[in-house]
file coords-v8.tsv (TSV, C-alpha atoms)
chain	number	residue	atom	x	y	z
A	1	MET	CA	-38.03	-26.83	-8.15
A	2	ILE	CA	-35.59	-24.81	-6.01
A	3	ARG	CA	-37.13	-21.58	-4.79
A	4	GLN	CA	-35.66	-18.17	-5.47
A	5	PHE	CA	-34.51	-16.08	-2.52
A	6	GLU	CA	-36.75	-13.03	-1.99
A	7	LYS	CA	-33.84	-11.14	-0.46
A	8	LYS	CA	-30.43	-11.52	-2.06
A	9	VAL	CA	-27.96	-13.84	-0.37
A	10	TRP	CA	-24.59	-12.13	-0.70
A	11	LEU	CA	-21.03	-13.39	-0.97
A	12	ALA	CA	-19.79	-11.20	1.91
A	13	THR	CA	-21.09	-7.87	3.18
A	14	PRO	CA	-20.46	-5.72	6.27
A	15	THR	CA	-22.06	-6.83	9.53
A	16	MET	CA	-22.68	-3.88	11.83
A	17	HIS	CA	-23.33	-4.12	15.57
A	18	GLY	CA	-23.91	-0.58	16.88
A	19	GLU	CA	-20.60	0.04	18.63
A	20	GLU	CA	-19.35	1.60	15.39
A	21	LEU	CA	-21.81	4.49	15.69
A	22	LYS	CA	-20.63	5.28	19.22
A	23	TYR	CA	-17.06	5.85	18.09
A	24	MET	CA	-18.08	7.70	14.93
A	25	GLN	CA	-20.25	9.96	17.10
A	26	GLU	CA	-17.27	10.50	19.40
A	27	ALA	CA	-15.21	11.70	16.43
A	28	TYR	CA	-18.06	14.06	15.50
A	29	ASN	CA	-18.60	15.39	19.02
A	30	THR	CA	-14.92	16.09	19.57
A	31	ASN	CA	-14.55	17.54	16.05
A	32	TRP	CA	-11.69	15.13	15.20
A	33	MET	CA	-13.06	14.37	11.74
A	34	SER	CA	-9.84	14.27	9.71
A	35	THR	CA	-6.71	12.10	9.90
A	36	ILE	CA	-5.88	12.65	13.57
A	37	GLY	CA	-7.82	11.43	16.59
A	38	GLU	CA	-8.35	8.95	19.38
A	39	ASN	CA	-9.98	6.30	17.19
A	40	ILE	CA	-6.85	6.14	15.03
A	41	ASN	CA	-4.59	5.95	18.07
A	42	VAL	CA	-6.67	3.15	19.60
A	43	ILE	CA	-6.90	0.92	16.53
A	44	GLU	CA	-3.20	1.29	15.71
A	45	LYS	CA	-2.28	0.04	19.17
A	46	LYS	CA	-5.06	-2.55	19.29
A	47	MET	CA	-4.15	-4.13	15.96
A	48	SER	CA	-0.43	-4.04	16.71
A	49	ASP	CA	-0.99	-5.82	20.01
A	50	TYR	CA	-3.44	-8.33	18.54
A	51	ILE	CA	-1.31	-9.28	15.53
A	52	GLY	CA	2.02	-9.15	17.33
A	53	CYS	CA	3.80	-6.38	15.44
A	54	LYS	CA	5.35	-3.56	17.44
A	55	HIS	CA	4.19	-0.66	15.28
A	56	SER	CA	1.48	0.24	12.77
A	57	VAL	CA	0.01	3.08	10.75
A	58	ALA	CA	-3.68	3.30	9.78
A	59	LEU	CA	-4.17	4.13	6.11
A	60	SER	CA	-6.93	4.83	3.61
A	61	CYS	CA	-7.00	1.28	2.20
A	62	GLY	CA	-5.03	-1.96	2.02
A	63	THR	CA	-3.68	-1.01	-1.41
A	64	SER	CA	-2.12	2.19	-0.07
A	65	ALA	CA	-0.53	0.13	2.71
A	66	LEU	CA	0.90	-2.28	0.13
A	67	HIS	CA	2.23	0.62	-1.91
A	68	LEU	CA	4.10	2.04	1.07
A	69	ALA	CA	5.37	-1.46	1.94
A	70	ILE	CA	6.80	-1.78	-1.58
A	71	LYS	CA	8.51	1.59	-1.23
A	72	LEU	CA	9.90	0.70	2.20
A	73	ALA	CA	11.22	-2.57	0.77
A	74	GLY	CA	13.36	-0.52	-1.60
A	75	VAL	CA	11.74	-1.50	-4.90
A	76	LYS	CA	13.06	0.60	-7.79
A	77	PRO	CA	12.01	1.01	-11.43
A	78	GLY	CA	12.98	-2.06	-13.45
A	79	ASP	CA	13.36	-4.33	-10.40
A	80	LYS	CA	11.74	-7.75	-10.50
A	81	VAL	CA	9.48	-8.63	-7.55
A	82	PHE	CA	8.15	-12.13	-6.79
A	83	CYS	CA	4.37	-12.00	-6.26
A	84	THR	CA	1.53	-14.36	-5.46
A	85	ASP	CA	-0.11	-15.29	-8.77
A	86	MET	CA	-3.62	-16.24	-7.65
A	87	THR	CA	-4.84	-13.12	-5.87
A	88	PHE	CA	-6.73	-9.88	-6.38
A	89	ALA	CA	-4.95	-7.33	-8.57
A	90	ALA	CA	-4.44	-5.01	-5.58
A	91	THR	CA	-1.68	-7.32	-4.33
A	92	VAL	CA	0.33	-6.70	-7.49
A	93	ASN	CA	-0.59	-3.21	-8.71
A	94	PRO	CA	1.57	-1.36	-6.13
A	95	VAL	CA	4.63	-3.12	-7.57
A	96	VAL	CA	3.82	-1.53	-10.92
A	97	TYR	CA	3.14	1.85	-9.28
A	98	GLU	CA	6.89	1.85	-8.60
A	99	LYS	CA	7.57	0.81	-12.23
A	100	ALA	CA	8.88	-2.60	-11.18
A	101	VAL	CA	8.14	-5.94	-12.89
A	102	PRO	CA	6.04	-8.63	-11.16
A	103	VAL	CA	7.23	-12.23	-11.47
A	104	PHE	CA	4.28	-14.46	-10.64
A	105	ILE	CA	4.74	-17.56	-8.50
A	106	ASP	CA	2.38	-20.53	-8.77
A	107	SER	CA	0.43	-22.00	-5.82
A	108	GLU	CA	0.66	-25.30	-4.00
A	109	ARG	CA	-2.44	-27.42	-3.48
A	110	GLU	CA	-2.40	-27.79	0.32
A	111	THR	CA	-3.39	-24.15	0.94
A	112	TRP	CA	-3.68	-22.59	-2.57
A	113	ASN	CA	-1.03	-20.09	-1.47
A	114	MET	CA	2.41	-19.34	-2.94
A	115	ASP	CA	4.33	-22.58	-3.51
A	116	PRO	CA	7.70	-22.60	-1.67
A	117	ALA	CA	9.08	-25.00	-4.32
A	118	ALA	CA	8.11	-22.58	-7.09
A	119	LEU	CA	9.60	-19.69	-5.09
A	120	ARG	CA	12.89	-21.56	-4.74
A	121	LYS	CA	12.89	-22.25	-8.48
A	122	ALA	CA	12.18	-18.56	-9.14
A	123	PHE	CA	15.28	-17.54	-7.16
A	124	GLU	CA	17.31	-19.93	-9.31
A	125	LEU	CA	16.01	-18.17	-12.42
A	126	TYR	CA	16.17	-14.62	-11.00
A	127	PRO	CA	18.80	-14.62	-8.21
A	128	ASP	CA	18.91	-10.82	-7.94
A	129	VAL	CA	15.33	-10.42	-6.73
A	130	LYS	CA	15.16	-8.87	-3.25
A	131	VAL	CA	11.42	-8.54	-2.51
A	132	VAL	CA	8.71	-11.22	-2.20
A	133	VAL	CA	5.01	-10.31	-1.85
A	134	VAL	CA	2.83	-13.13	-0.49
A	135	ALA	CA	-0.97	-12.92	-0.25
A	136	ASP	CA	-2.90	-15.16	2.17
A	137	LEU	CA	-5.69	-16.54	0.02
A	138	TYR	CA	-9.31	-16.56	1.23
A	139	GLY	CA	-8.28	-16.31	4.88
A	140	THR	CA	-5.65	-19.08	4.97
A	141	PRO	CA	-2.00	-18.24	5.76
A	142	ALA	CA	0.80	-19.42	3.50
A	143	LYS	CA	3.56	-21.86	4.52
A	144	TYR	CA	5.59	-19.13	6.18
A	145	ASP	CA	8.28	-21.32	7.77
A	146	GLU	CA	9.41	-22.42	4.32
A	147	ILE	CA	8.86	-19.08	2.61
A	148	LYS	CA	10.75	-17.12	5.27
A	149	GLU	CA	13.62	-19.60	5.15
A	150	ILE	CA	13.93	-19.13	1.38
A	151	CYS	CA	13.73	-15.34	1.71
A	152	ASN	CA	16.44	-15.36	4.38
A	153	GLU	CA	18.70	-17.52	2.20
A	154	HIS	CA	18.50	-14.89	-0.53
A	155	ASN	CA	18.48	-11.82	1.71
A	156	ALA	CA	15.04	-10.89	0.36
A	157	VAL	CA	12.43	-8.73	2.08
A	158	LEU	CA	9.10	-10.45	2.73
A	159	VAL	CA	5.88	-8.43	2.41
A	160	GLU	CA	2.78	-10.20	3.73
A	161	ASP	CA	-0.57	-9.22	2.21
A	162	ALA	CA	-2.91	-10.37	4.98
A	163	ALA	CA	-5.87	-8.40	3.60
A	164	GLU	CA	-8.03	-11.54	3.54
A	165	SER	CA	-6.62	-13.29	6.63
A	166	LEU	CA	-6.97	-10.98	9.64
A	167	GLY	CA	-7.39	-13.19	12.70
A	168	ALA	CA	-6.02	-16.35	11.06
A	169	GLU	CA	-3.04	-18.18	12.60
A	170	TYR	CA	-0.05	-20.15	11.38
A	171	LYS	CA	1.66	-22.27	14.04
A	172	GLY	CA	0.23	-20.09	16.81
A	173	GLU	CA	1.22	-16.74	15.28
A	174	LYS	CA	-1.22	-14.29	13.75
A	175	ALA	CA	-1.46	-13.54	10.05
A	176	GLY	CA	-0.03	-10.11	9.38
A	177	SER	CA	3.09	-10.73	11.47
A	178	PHE	CA	5.30	-12.82	9.17
A	179	GLY	CA	6.79	-10.20	6.88
A	180	THR	CA	9.18	-7.35	7.45
A	181	TYR	CA	6.19	-5.30	6.30
A	182	ASN	CA	2.61	-6.54	6.69
A	183	VAL	CA	-0.73	-5.32	5.39
A	184	ILE	CA	-4.32	-5.77	6.54
A	185	SER	CA	-7.53	-4.44	4.99
A	186	PHE	CA	-10.82	-3.10	6.34
A	187	ASN	CA	-12.58	-3.04	2.97
A	188	GLY	CA	-16.36	-3.50	3.01
A	189	ASN	CA	-16.29	-7.25	2.38
A	190	LYS	CA	-13.50	-8.18	4.80
A	191	ILE	CA	-13.82	-10.08	8.09
A	192	ILE	CA	-14.21	-6.71	9.88
A	193	THR	CA	-14.66	-3.44	8.07
A	194	GLY	CA	-14.35	0.31	8.27
A	195	SER	CA	-16.21	0.59	4.95
A	196	SER	CA	-12.69	1.25	3.70
A	197	GLY	CA	-9.26	1.52	5.28
A	198	GLY	CA	-6.19	-0.58	5.84
A	199	MET	CA	-3.07	-0.78	7.94
A	200	LEU	CA	0.67	-1.26	7.55
A	201	LEU	CA	2.43	-3.11	10.37
A	202	SER	CA	6.11	-3.70	11.14
A	203	ASP	CA	8.54	-4.18	14.00
A	204	ASP	CA	10.66	-1.41	12.44
A	205	VAL	CA	9.68	1.88	14.09
A	206	ASP	CA	11.72	3.95	11.63
A	207	ALA	CA	9.90	2.34	8.70
A	208	ILE	CA	6.49	3.04	10.22
A	209	ASN	CA	7.45	6.63	10.96
A	210	LYS	CA	8.60	7.00	7.35
A	211	ALA	CA	5.29	5.55	6.15
A	212	LYS	CA	3.36	8.01	8.34
A	213	LYS	CA	5.28	10.87	6.78
A	214	TRP	CA	4.75	9.62	3.23
A	215	SER	CA	1.03	9.07	3.93
A	216	THR	CA	0.52	12.73	4.89
A	217	GLN	CA	2.10	14.26	1.76
A	218	SER	CA	5.65	14.07	3.15
A	219	ARG	CA	5.46	17.35	5.01
A	220	GLU	CA	8.73	18.35	6.66
A	221	SER	CA	9.04	19.85	10.13
A	222	ALA	CA	9.05	23.53	9.16
A	223	PRO	CA	6.97	26.66	9.83
A	224	TRP	CA	5.54	26.37	6.29
A	225	TYR	CA	4.59	23.60	3.89
A	226	GLN	CA	7.98	22.14	3.02
A	227	HIS	CA	8.36	19.01	0.85
A	228	GLU	CA	11.65	17.24	0.11
A	229	GLU	CA	10.27	13.94	-1.21
A	230	LEU	CA	7.14	12.62	-2.89
A	231	GLY	CA	4.16	12.11	-0.60
A	232	TYR	CA	0.66	10.66	-0.72
A	233	ASN	CA	-2.78	11.35	0.74
A	234	TYR	CA	-3.00	7.89	2.32
A	235	ARG	CA	-3.90	8.44	5.99
A	236	MET	CA	-7.08	6.94	7.46
A	237	SER	CA	-9.73	9.34	8.75
A	238	ASN	CA	-10.70	9.29	12.41
A	239	VAL	CA	-14.31	8.62	11.38
A	240	ILE	CA	-13.41	5.44	9.45
A	241	ALA	CA	-11.18	4.46	12.37
A	242	GLY	CA	-14.26	4.71	14.59
A	243	VAL	CA	-16.02	2.08	12.48
A	244	VAL	CA	-12.96	-0.19	12.65
A	245	ARG	CA	-12.72	0.38	16.42
A	246	GLY	CA	-16.32	-0.75	16.89
A	247	GLN	CA	-15.92	-3.70	14.52
A	248	SER	CA	-12.71	-4.90	16.18
A	249	GLU	CA	-14.65	-5.94	19.27
A	250	TYR	CA	-16.49	-8.52	17.14
A	251	LEU	CA	-13.58	-10.03	15.20
A	252	GLY	CA	-13.65	-13.31	17.14
A	253	GLU	CA	-17.42	-13.59	16.72
A	254	HIS	CA	-17.14	-13.00	12.96
A	255	ILE	CA	-14.45	-15.66	12.59
A	256	ALA	CA	-16.54	-18.19	14.54
A	257	ARG	CA	-19.55	-17.52	12.33
A	258	LYS	CA	-17.46	-17.85	9.15
A	259	LYS	CA	-16.15	-21.19	10.40
A	260	GLU	CA	-19.69	-22.41	11.03
A	261	ILE	CA	-20.56	-21.56	7.41
A	262	TYR	CA	-17.48	-23.42	6.12
A	263	LEU	CA	-18.25	-26.52	8.20
A	264	ARG	CA	-21.91	-26.55	7.15
A	265	TYR	CA	-20.86	-26.49	3.49
A	266	GLN	CA	-18.35	-29.24	4.17
A	267	GLU	CA	-21.09	-31.42	5.65
A	268	GLY	CA	-23.59	-30.53	2.93
A	269	PHE	CA	-21.18	-31.53	0.16
A	270	ARG	CA	-19.70	-34.61	1.83
A	271	ASP	CA	-21.00	-37.02	-0.84
A	272	LEU	CA	-20.42	-34.69	-3.81
A	273	PRO	CA	-17.26	-34.60	-5.98
A	274	ILE	CA	-16.31	-31.32	-4.33
A	275	THR	CA	-13.68	-30.26	-1.78
A	276	LEU	CA	-13.54	-26.92	0.05
A	277	ASN	CA	-10.57	-24.56	0.04
A	278	PRO	CA	-7.89	-26.48	1.96
A	279	TYR	CA	-5.64	-25.75	4.92
A	280	ILE	CA	-3.16	-27.75	7.02
A	281	GLU	CA	-5.10	-28.52	10.20
A	282	ASN	CA	-2.15	-29.03	12.57
A	283	ASP	CA	-0.41	-25.85	11.43
A	284	MET	CA	-3.17	-23.45	10.46
A	285	GLU	CA	-6.37	-21.91	11.76
A	286	PRO	CA	-7.88	-19.83	8.94
A	287	ASN	CA	-10.38	-17.04	9.50
A	288	PHE	CA	-12.62	-18.76	6.89
A	289	TRP	CA	-13.28	-15.42	5.18
A	290	LEU	CA	-14.74	-17.07	2.08
A	291	SER	CA	-15.83	-20.67	1.64
A	292	CYS	CA	-14.68	-21.89	-1.77
A	293	ALA	CA	-15.09	-25.20	-3.57
A	294	LEU	CA	-13.13	-27.24	-6.10
A	295	ILE	CA	-14.85	-29.75	-8.39
A	296	ASP	CA	-13.08	-33.08	-8.98
A	297	LYS	CA	-11.60	-33.24	-12.49
A	298	GLU	CA	-13.54	-36.33	-13.55
A	299	HIS	CA	-16.83	-34.64	-12.60
A	300	MET	CA	-16.25	-31.45	-14.61
A	301	CYS	CA	-18.56	-30.92	-17.57
A	302	LYS	CA	-17.18	-29.09	-20.60
A	303	GLN	CA	-16.66	-25.40	-19.86
A	304	GLU	CA	-15.42	-22.69	-22.21
A	305	ARG	CA	-14.19	-19.28	-21.11
A	306	SER	CA	-13.21	-16.28	-23.20
A	307	ALA	CA	-11.66	-13.09	-21.82
A	308	THR	CA	-15.03	-11.78	-20.63
A	309	CYS	CA	-17.65	-14.55	-20.69
A	310	ALA	CA	-18.16	-18.28	-20.13
A	311	THR	CA	-20.43	-21.11	-21.23
A	312	TYR	CA	-20.76	-24.85	-20.62
A	313	ILE	CA	-22.32	-28.04	-21.95
A	314	LYS	CA	-24.48	-29.84	-19.41
A	315	GLU	CA	-23.59	-33.48	-18.65
A	316	SER	CA	-25.42	-35.86	-16.34
A	317	GLY	CA	-23.70	-36.20	-12.96
A	318	LYS	CA	-21.21	-33.45	-13.81
A	319	SER	CA	-21.03	-29.71	-13.38
A	320	CYS	CA	-18.62	-26.73	-13.56
A	321	PRO	CA	-18.19	-23.35	-11.88
A	322	THR	CA	-20.04	-21.57	-14.71
A	323	GLU	CA	-23.17	-23.70	-14.25
A	324	ILE	CA	-23.14	-23.44	-10.46
A	325	LEU	CA	-22.62	-19.68	-10.44
A	326	ASP	CA	-25.37	-19.25	-13.05
A	327	LYS	CA	-27.78	-21.34	-10.98
A	328	LEU	CA	-26.96	-19.38	-7.82
A	329	ALA	CA	-27.54	-16.10	-9.66
A	330	GLU	CA	-30.89	-17.36	-11.01
A	331	CYS	CA	-31.96	-17.99	-7.40
A	332	ASN	CA	-30.77	-14.52	-6.27
A	333	ALA	CA	-27.60	-15.70	-4.51
A	334	GLU	CA	-24.12	-14.33	-5.14
A	335	GLY	CA	-21.17	-16.59	-5.87
A	336	ARG	CA	-17.89	-15.69	-7.56
A	337	PRO	CA	-15.21	-17.38	-9.62
A	338	ILE	CA	-11.88	-18.04	-7.94
A	339	TRP	CA	-9.38	-15.21	-8.44
A	340	LYS	CA	-8.21	-15.34	-12.03
A	341	PRO	CA	-4.40	-15.80	-11.86
A	342	MET	CA	-2.43	-12.66	-12.53
A	343	HIS	CA	-0.33	-14.26	-15.26
A	344	MET	CA	-3.60	-14.86	-17.18
A	345	GLN	CA	-4.71	-11.23	-16.90
A	346	PRO	CA	-4.33	-9.16	-20.09
A	347	ILE	CA	-2.50	-6.39	-18.24
A	348	TYR	CA	0.13	-8.83	-16.90
A	349	LYS	CA	0.27	-11.47	-19.66
A	350	ASP	CA	3.85	-10.54	-20.60
A	351	CYS	CA	5.21	-10.86	-17.06
A	352	PRO	CA	7.21	-13.97	-16.08
A	353	PHE	CA	5.41	-16.86	-14.39
A	354	VAL	CA	7.14	-19.65	-12.44
A	355	SER	CA	5.63	-23.02	-11.52
A	356	ALA	CA	7.21	-26.01	-9.81
A	357	SER	CA	5.28	-28.43	-12.02
A	358	ASP	CA	4.49	-28.92	-15.69
A	359	GLU	CA	0.85	-28.03	-15.04
A	360	ALA	CA	0.11	-24.57	-13.63
A	361	VAL	CA	-1.71	-25.26	-10.37
A	362	ASN	CA	-3.40	-21.85	-10.39
A	363	GLU	CA	-4.87	-22.34	-13.85
A	364	ASP	CA	-6.39	-25.63	-12.73
A	365	ILE	CA	-7.88	-24.15	-9.53
A	366	PHE	CA	-9.30	-21.24	-11.51
A	367	GLU	CA	-10.84	-23.66	-14.02
A	368	ARG	CA	-12.50	-25.89	-11.39
A	369	GLY	CA	-13.04	-23.60	-8.40
A	370	PHE	CA	-15.71	-21.14	-7.25
A	371	CYS	CA	-16.58	-19.03	-4.19
A	372	LEU	CA	-19.79	-19.68	-2.26
A	373	PRO	CA	-22.06	-17.23	-0.44
A	374	SER	CA	-20.27	-16.68	2.88
A	375	ASP	CA	-22.06	-13.72	4.40
A	376	ILE	CA	-22.18	-13.74	8.20
A	377	LYS	CA	-25.84	-12.69	8.14
A	378	MET	CA	-26.86	-15.64	5.94
A	379	LYS	CA	-29.40	-17.77	7.81
A	380	GLU	CA	-28.94	-21.51	8.19
A	381	GLU	CA	-32.04	-22.23	6.10
A	382	GLU	CA	-30.68	-19.92	3.37
A	383	GLN	CA	-27.38	-21.78	3.36
A	384	ASN	CA	-29.27	-25.06	3.12
A	385	VAL	CA	-30.92	-23.78	-0.06
A	386	VAL	CA	-27.50	-22.79	-1.46
A	387	ILE	CA	-26.31	-26.33	-0.74
A	388	GLU	CA	-29.41	-27.70	-2.47
A	389	ILE	CA	-28.70	-25.54	-5.54
A	390	VAL	CA	-25.14	-26.83	-5.80
A	391	ARG	CA	-26.27	-30.43	-5.31
A	392	SER	CA	-28.87	-30.06	-8.08
A	393	CYS	CA	-26.13	-29.20	-10.57
A	394	PHE	CA	-24.69	-32.73	-10.18
A	395	ALA	CA	-28.04	-34.50	-10.65
call {"tool": "encode", "arguments": {"input": "coords-v8.tsv", "output": "C-alpha cells"}}
result
Amino acid sequence: MIRQFEKKVWLATPTMHGEELKYMQEAYNTNWMSTIGENINVIEKKMSDYIGCKHSVALSCGTSALHLAIKLAGVKPGDKVFCTDMTFAATVNPVVYEKAVPVFIDSERETWNMDPAALRKAFELYPDVKVVVVADLYGTPAKYDEIKEICNEHNAVLVEDAAESLGAEYKGEKAGSFGTYNVISFNGNKIITGSSGGMLLSDDVDAINKAKKWSTQSRESAPWYQHEELGYNYRMSNVIAGVVRGQSEYLGEHIARKKEIYLRYQEGFRDLPITLNPYIENDMEPNFWLSCALIDKEHMCKQERSATCATYIKESGKSCPTEILDKLAECNAEGRPIWKPMHMQPIYKDCPFVSASDEAVNEDIFERGFCLPSDIKMKEEEQNVVIEIVRSCFA
C-alpha cells in the first residue's frame, strides 16, 4: 500500500531564500513603502536587461500588465483578437475588459502552444484582426519564428504572455521578448515570485511611459490632480519589488531544480503509456515550470466530466487524469488538470474557435493530460512516491 504524505506535497509554491527580507527591510527603513523606490528601479532594469527588452514597468500583477498591453495594442470595443485557447483565463480576460471579442486558436502538439497553421487559417477567416495574444504554456515558448512571420504578413501586433515562461528560451532568445508588448508574472506559484506582481516589457519607450501613466491613475503634470484619460491603480509596490529583487538572484537555480524534477518524472515513467509536456529540443529550452503528462489514447480508461465534476470507470492496465489526480489527493499530494480550453468555458462558449484539424487538439490534451507536483522544495524521495502513485494507477 502506498503511504500517505504527512506533509502536503504541493503543485508549486514560493521558495524563499532570505535575500527577499533584506530588500523588504530596506524599503521599510527608507520609508519607500508605496509605488516608488529603489527596488522597483532595480527590478525594472534587471528584468529588461535579462529578457532583452529595452524598457519595462513593474505592475501589481501579470493581468494588469496584459490589460495595459491590450490597450497599447489599440484594441477597441467590438474588435476581434486572436488568443491562445489552452491557457489560464487571465490571458483572455483583459481582451474582454476592453469589450473586444476573443477568437480562440487551437494548439499544436509539439509544444502545446498556439498552432501557427491554425493562426494562418484564422486570418483567412477574420482578415481584419490586428492583435494576437500568445501564452507560453507551462514554461515552454511558442513557435515564434512562424507566429511572428504570420503577424507581420497581416500587420498584426503580437502580445506575448510569458507569465509561465520567465527564463525559458527560443532559439537563444528569452521568453518575454518576442512581442511588441510582453508580460511576465511574479504570482505566488511562478518560477520566481513577489507574492504578487507582474511586468510589462517593450522596446517602445513611449508605450512604456504611457503604461506608467495609466498605471498611476493617469495623473497629468499639473499643480493639482488633473485627469484627461482613464487610469488604473496598477503600479507595483516597492515592498513587493523587494521580494522580486531577492528572488531574481535565484532564477537560474529555480529553473535547474524544475528541470531536475521534469527529468526524474521522465525517467520514472519511461515504461508507462505516458509522455511529458513536449518541447522542440534543438529550438527550445523551457523553464520547466510545471511537469505535465499525457496518457496514450489506447491506455485511457473511460472518463466522464460534467461542468464541475468528473468520474471514471477503472480498467486493468489503463488510467485517466481523474483517477490519477484522485489518487494523488488521497495521498496528500496536489496535482491539477491541464488548463481547460477557453472555448470550452461557459463564459466564452459563444466565442469563435479555430483549429487546423478536424479534431480540436486542445480538447484532446485536456481530456488526457494532467499536471504533476512540481514544487522546488519537493524531496527526491517524495517525488519517487508520486511516481509510484502514478504507476499504481496502470496496474
call {"tool": "closest_residue", "arguments": {"input": "coords-v8.tsv", "among": "A:Val244, A:Ala27, A:Val390, A:Ala142", "to": "Glu110 of chain A", "atoms": "all atoms listed in the file"}}
result
A:Ala142
call {"tool": "closest_residue", "arguments": {"input": "coords-v8.tsv", "among": "A:Ser56, A:Asn287, A:Asn384, A:Asn41", "to": "Ala163 of chain A", "atoms": "all atoms listed in the file"}}
result
A:Asn287
call {"tool": "closest_residue", "arguments": {"input": "coords-v8.tsv", "among": "A:Met236, A:Leu276, A:Leu251, A:Val157", "to": "Val75 of chain A", "atoms": "all atoms listed in the file"}}
result
A:Val157
call {"tool": "axis_aligned_box", "arguments": {"input": "coords-v8.tsv", "around": "segment 264-281 of chain A", "padding_each_side": "8 Å", "output": "JSON"}}
result
{"center_x": -13.4, "center_y": -30.8, "center_z": 2.1, "size_x": 36.4, "size_y": 28.5, "size_z": 32.2}
call {"tool": "closest_residue", "arguments": {"input": "coords-v8.tsv", "among": "A:Glu26, A:Glu228, A:Asp161, A:Glu20", "to": "Gln247 of chain A", "atoms": "only C-alpha atoms"}}
result
A:Glu20
call {"tool": "residues_around", "arguments": {"input": "coords-v8.tsv", "residues": "Thr111 of chain A", "least_positions_apart": "3", "cutoff": "12 Å", "atoms": "only C-alpha atoms", "output": "number ranges by chain"}}
result
A: 86, 106-108, 114-116, 135-144, 170, 276-281, 283-286, 292, 361-362, 365
call {"tool": "residues_around", "arguments": {"input": "coords-v8.tsv", "residues": "segment 256-258 of chain A", "least_positions_apart": "2", "cutoff": "7 Å", "atoms": "all atoms listed in the file", "output": "PDB file with C-alpha atoms, in the coordinates of the input"}}
result
ATOM      1  CA  GLY A 252     -13.650 -13.310  17.140  1.00  0.00           C
ATOM      2  CA  GLU A 253     -17.420 -13.590  16.720  1.00  0.00           C
ATOM      3  CA  HIS A 254     -17.140 -13.000  12.960  1.00  0.00           C
ATOM      4  CA  GLU A 260     -19.690 -22.410  11.030  1.00  0.00           C
ATOM      5  CA  ILE A 261     -20.560 -21.560   7.410  1.00  0.00           C
ATOM      6  CA  TYR A 262     -17.480 -23.420   6.120  1.00  0.00           C
ATOM      7  CA  PHE A 288     -12.620 -18.760   6.890  1.00  0.00           C
ATOM      8  CA  TRP A 289     -13.280 -15.420   5.180  1.00  0.00           C
ATOM      9  CA  SER A 374     -20.270 -16.680   2.880  1.00  0.00           C
ATOM     10  CA  ILE A 376     -22.180 -13.740   8.200  1.00  0.00           C
TER      11      ILE A 376
END
call {"tool": "closest_residue", "arguments": {"input": "coords-v8.tsv", "among": "A:Ala118, A:Cys371, A:Leu325, A:Ile295", "to": "Thr311 of chain A", "atoms": "only C-alpha atoms"}}
result
A:Leu325
call {"tool": "atom_distance", "arguments": {"input": "coords-v8.tsv", "atom1": "atom CA of Val101 of chain A", "atom2": "atom CA of Val129 of chain A"}}
result
10.5 Å
call {"tool": "atom_distance", "arguments": {"input": "coords-v8.tsv", "atom1": "atom CA of Val133 of chain A", "atom2": "atom CA of Glu153 of chain A"}}
result
16.0 Å
call {"tool": "build_atoms", "arguments": {"input": "coords-v8.tsv", "residues": "segment 164-177 of chain A", "atoms": "N, CA and C atoms", "output": "PDB file, in the coordinates of the input"}}
result
ATOM      1  N   GLU A 164      -6.923 -10.597   3.435  1.00  0.00           N
ATOM      2  CA  GLU A 164      -8.030 -11.540   3.540  1.00  0.00           C
ATOM      3  C   GLU A 164      -7.949 -12.411   4.797  1.00  0.00           C
ATOM      4  N   SER A 165      -6.875 -12.286   5.584  1.00  0.00           N
ATOM      5  CA  SER A 165      -6.620 -13.290   6.630  1.00  0.00           C
ATOM      6  C   SER A 165      -6.516 -12.749   8.046  1.00  0.00           C
ATOM      7  N   LEU A 166      -7.023 -11.527   8.290  1.00  0.00           N
ATOM      8  CA  LEU A 166      -6.970 -10.980   9.640  1.00  0.00           C
ATOM      9  C   LEU A 166      -7.620 -11.944  10.631  1.00  0.00           C
ATOM     10  N   GLY A 167      -6.885 -12.281  11.675  1.00  0.00           N
ATOM     11  CA  GLY A 167      -7.390 -13.190  12.700  1.00  0.00           C
ATOM     12  C   GLY A 167      -6.990 -14.640  12.500  1.00  0.00           C
ATOM     13  N   ALA A 168      -6.498 -14.987  11.310  1.00  0.00           N
ATOM     14  CA  ALA A 168      -6.020 -16.350  11.060  1.00  0.00           C
ATOM     15  C   ALA A 168      -4.680 -16.566  11.760  1.00  0.00           C
ATOM     16  N   GLU A 169      -4.298 -17.847  11.926  1.00  0.00           N
ATOM     17  CA  GLU A 169      -3.040 -18.180  12.600  1.00  0.00           C
ATOM     18  C   GLU A 169      -2.275 -19.237  11.831  1.00  0.00           C
ATOM     19  N   TYR A 170      -0.960 -19.124  11.899  1.00  0.00           N
ATOM     20  CA  TYR A 170      -0.050 -20.150  11.380  1.00  0.00           C
ATOM     21  C   TYR A 170       0.909 -20.523  12.492  1.00  0.00           C
ATOM     22  N   LYS A 171       0.816 -21.763  12.952  1.00  0.00           N
ATOM     23  CA  LYS A 171       1.660 -22.270  14.040  1.00  0.00           C
ATOM     24  C   LYS A 171       1.634 -21.337  15.255  1.00  0.00           C
ATOM     25  N   GLY A 172       0.425 -20.882  15.606  1.00  0.00           N
ATOM     26  CA  GLY A 172       0.230 -20.090  16.810  1.00  0.00           C
ATOM     27  C   GLY A 172       0.505 -18.606  16.669  1.00  0.00           C
ATOM     28  N   GLU A 173       0.949 -18.160  15.499  1.00  0.00           N
ATOM     29  CA  GLU A 173       1.220 -16.740  15.280  1.00  0.00           C
ATOM     30  C   GLU A 173       0.196 -16.169  14.309  1.00  0.00           C
ATOM     31  N   LYS A 174      -0.157 -14.912  14.523  1.00  0.00           N
ATOM     32  CA  LYS A 174      -1.220 -14.290  13.750  1.00  0.00           C
ATOM     33  C   LYS A 174      -0.764 -13.917  12.335  1.00  0.00           C
ATOM     34  N   ALA A 175      -1.682 -14.078  11.386  1.00  0.00           N
ATOM     35  CA  ALA A 175      -1.460 -13.540  10.050  1.00  0.00           C
ATOM     36  C   ALA A 175      -1.256 -12.038  10.149  1.00  0.00           C
ATOM     37  N   GLY A 176      -0.374 -11.523   9.311  1.00  0.00           N
ATOM     38  CA  GLY A 176      -0.030 -10.110   9.380  1.00  0.00           C
ATOM     39  C   GLY A 176       1.195  -9.838  10.219  1.00  0.00           C
ATOM     40  N   SER A 177       1.895 -10.907  10.635  1.00  0.00           N
ATOM     41  CA  SER A 177       3.090 -10.730  11.470  1.00  0.00           C
ATOM     42  C   SER A 177       4.331 -11.378  10.860  1.00  0.00           C
TER      43      SER A 177
END
